[in-house]
Amino acid sequence: MIYIIFGIIGAVIGGMTAKRRKGAAADIAQYAVVYFIAFALVGLVLTLLLDRFIV
């Protein structure tokens, strides 16, 4: 569940980054997707580590 939250946060950050750089709609969407994937992967690793060491 943590990876979904991280992914959404990443998509928001990516969209804001592209918008700040004056990107077109396609640029904003691409940044949002790439940041979503990157943050979701970090969240997945964090979830696996927490599951491994806590449970």
# chains A, B, ... in the order shown; residues from 1 in each chain; ligands from 1
>>> residues_around(residues="A:Lys19", least_positions_apart="4", cutoff="12 Å", atoms="only C-alpha atoms", output="number ranges by chain")
A: 12-15, 23-32
>>> write_last_selection(atoms="C-alpha atoms", output="JSON list (two decimals), in the first residue's frame")
[["chain", "number", "residue", "atom", "x", "y", "z"],
["A", 12, "VAL", "CA", 2.14, 15.01, -8.54],
["A", 13, "ILE", "CA", 5.79, 16.05, -8.22],
["A", 14, "GLY", "CA", 6.48, 15.06, -11.83],
["A", 15, "GLY", "CA", 3.48, 16.95, -13.15],
["A", 23, "GLY", "CA", 5.89, 21.78, -20.83],
["A", 24, "ALA", "CA", 2.98, 20.85, -23.07],
["A", 25, "ALA", "CA", 0.26, 18.44, -21.93],
["A", 26, "ALA", "CA", 2.18, 15.46, -23.30],
["A", 27, "ASP", "CA", 5.30, 16.53, -21.42],
["A", 28, "ILE", "CA", 3.35, 16.87, -18.17],
["A", 29, "ALA", "CA", 1.81, 13.42, -18.65],
["A", 30, "GLN", "CA", 5.18, 11.84, -19.45],
["A", 31, "TYR", "CA", 6.88, 13.39, -16.41],
["A", 32, "ALA", "CA", 3.98, 12.30, -14.20]]
>>> atom_distance(atom1="atom CA of A:Ile2", atom2="atom CA of A:Met16")
21.4 Å
>>> closest_residue(among="A:Val34, A:Gly10, A:Ile4, A:Ala18", to="A:Leu46", atoms="only C-alpha atoms")
A:Ile4
>>> closest_residue(among="A:Val55, A:Val33, A:Leu48, A:Ala40", to="A:Tyr3", atoms="only C-alpha atoms")
A:Ala40
>>> closest_residue(among="A:Phe53, A:Lys22, A:Met1, A:Phe6", to="A:Leu41", atoms="only C-alpha atoms")
A:Phe6
